[in-house]
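Input: a single structure, listed below in structure tokens.
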Amino acid sequence: MIRSKTEINQDLDGKENLVPVQKVDLQILKKADKYNVNLETLETLSSKPYRKKTIQVKKSNDSWKTLDVSLSEIINFFISSSERPVFMVRDDSVVYLNQAAVKLLAIESEKDIVGKRFLNVVATQDWNLLVENIGEMLTDAKVLPINIVSKNGKVQKVNFQAIYLSEIEHFSFILLGEHIKKEVKPVFNNLYDDLTGLPNFFLFEDRVHVAVANENAKENAKDQAIIAVAAISINNLEAFRKMHIEELVIKKIANNLVLNLSKRATVALGLKYDFWVMLPDLKNKAAVNHEIRHIFEILDEGVSDNFTRHELSFSIGVSSFPQPAHSAKKVIEQAIAAIKVAQRVNRNTIEFYSEEI
């Protein structure tokens, strides 16, 4: 695949950003002047280090008593226990992050990231955005949306505020993220994938059972139609995950399958295998072969983000009811057995279940 000088980056809203790769400076956090930040302005805005202050506490008997407390200890407690992700950055390194940030990055502890480059956790397409706006964030309380990449490759957009830390030999600041709300969804929505809107595997399995039951309900066995079930694995999905376009690829594949297959077909997201397709009401084996070949051609076209075509490496395992499977459970099990054989071949492959498998 030929790469142009411009890298195409897909943000979470589905819009493309053109980011000149050659202009990105890997050491952008080394000095404040690279941000066009006026340090003198920041110094006048920044507060002095927290010191012990006297706080008056009113007791129930209306008498007053003074109590010395360390505000830094109180602030540290609230930051560490806050559900808002917090990163403290010095030059190009992360020197502190709270538990919310640890959870956001899907790491085991802060030791996994402290001392490492902050840019390691920022999506590449947002590096220049951070450079151009950090000055306003520090001086004007500007909120900046930044895509954070977790250890498992998931990209999540977080709105950050910045607080300047006055140090003599370093350019340091704190990034305070917005509270990440856990969306509570009705139970029925859990049957559908949030990204694609496709049924999940459990709903797909139920639909296969219903389709098989409908065919079994026919009085004459000769009137039964064929139901084909295909399991699909996208074998190079890990490569797309490292490029941070995994969600784009999955959405494109889902759309291509839904729009190009028969309206009677059911396309679903899988568990171990990425996609499942059920093709009901097929008249004969020739019709089965035609529909499965159509799935192959759709995947073989790859996916495109308007500028770049991404080739897919895939395997397809197929079985059908009433032959060779005699039940809904068997047709799914046989499709899984077939795809395992297909995955052993180092090319795009269709494998139909047979007794030899």
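Ordered as shown in the structure tokens, chains take letters A, B, and onward, while each chain numbers its residues from 1 and ligands are numbered from 1 in the order shown.
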
**Study point:** Test item, helix (DSSP H, G or I) assignment across region 209-332 of chain A, answer as an MDAnalysis selection string
**Key:** chainID A and resid 209:216 221:223 237:242 246:260 285:300 328:332

Exercise for review: Please identify all polymer residues within 12 Å of Val149 (chain A), counting only C-alpha atoms, omitting same-chain residues fewer than 2 positions from it, and present them as number ranges by chain.
Suggested key: A: 101-107, 118-126, 146-147, 151-158, 241-245

Create the file for the chosen residues now, containing C-alpha atoms and written as an mmCIF file, in the first residue's frame.
data_model
loop_
_atom_site.group_PDB
_atom_site.id
_atom_site.type_symbol
_atom_site.label_atom_id
_atom_site.label_comp_id
_atom_site.auth_asym_id
_atom_site.auth_seq_id
_atom_site.Cartn_x
_atom_site.Cartn_y
_atom_site.Cartn_z
ATOM 1 C CA ALA A 101 -6.166 8.087 34.277
ATOM 2 C CA VAL A 102 -4.800 4.595 34.999
ATOM 3 C CA LYS A 103 -8.236 3.164 34.227
ATOM 4 C CA LEU A 104 -8.550 5.288 31.087
ATOM 5 C CA LEU A 105 -5.249 3.914 29.764
ATOM 6 C CA ALA A 106 -6.205 0.309 30.662
ATOM 7 C CA ILE A 107 -2.924 -0.215 32.525
ATOM 8 C CA PHE A 118 3.337 11.829 27.367
ATOM 9 C CA LEU A 119 2.828 11.656 23.611
ATOM 10 C CA ASN A 120 2.751 7.870 23.887
ATOM 11 C CA VAL A 121 -0.804 8.136 25.161
ATOM 12 C CA VAL A 122 -1.981 10.883 22.774
ATOM 13 C CA ALA A 123 -3.352 9.918 19.358
ATOM 14 C CA THR A 124 -0.913 11.004 16.634
ATOM 15 C CA GLN A 125 -3.434 13.249 14.878
ATOM 16 C CA ASP A 126 -3.781 15.366 18.041
ATOM 17 C CA ILE A 146 -7.769 15.169 22.985
ATOM 18 C CA ASN A 147 -7.898 11.575 21.790
ATOM 19 C CA LYS A 151 -2.880 0.109 26.109
ATOM 20 C CA ASN A 152 -5.454 -2.125 24.407
ATOM 21 C CA GLY A 153 -5.648 0.246 21.424
ATOM 22 C CA LYS A 154 -8.984 1.856 22.269
ATOM 23 C CA VAL A 155 -9.197 5.550 21.391
ATOM 24 C CA GLN A 156 -11.300 7.783 23.635
ATOM 25 C CA LYS A 157 -11.877 11.502 23.286
ATOM 26 C CA VAL A 158 -11.551 13.435 26.557
ATOM 27 C CA ARG A 241 -5.929 -1.574 15.721
ATOM 28 C CA LYS A 242 -2.307 -0.418 15.811
ATOM 29 C CA MET A 243 -3.148 2.196 13.154
ATOM 30 C CA HIS A 244 -6.074 3.365 15.326
ATOM 31 C CA ILE A 245 -8.582 2.728 12.520
#

**Study point:** Close residues, Ala265 (chain A) itself excluded, 6 Å, only C-alpha atoms, min 2 positions apart in chain, as a list in words
**Key:** Ser262, Lys263, Met278 and Leu279 of chain A

Exercise for review: Would you please work out which residue, of A:Glu136, A:Ala217, A:Gly177, A:Thr349, is nearest to Glu83 (chain A) when using only C-alpha atoms?
Suggested key: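 For Glu83 (chain A), the nearest of the given residues is A:Gly177.
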
Point to revise | Nearest to Ile253 (chain A) by atom-to-atom distance, counting only C-alpha atoms, from A:Ala231, A:Ala286, A:Ile298, A:Leu144 | key: A:Ile298
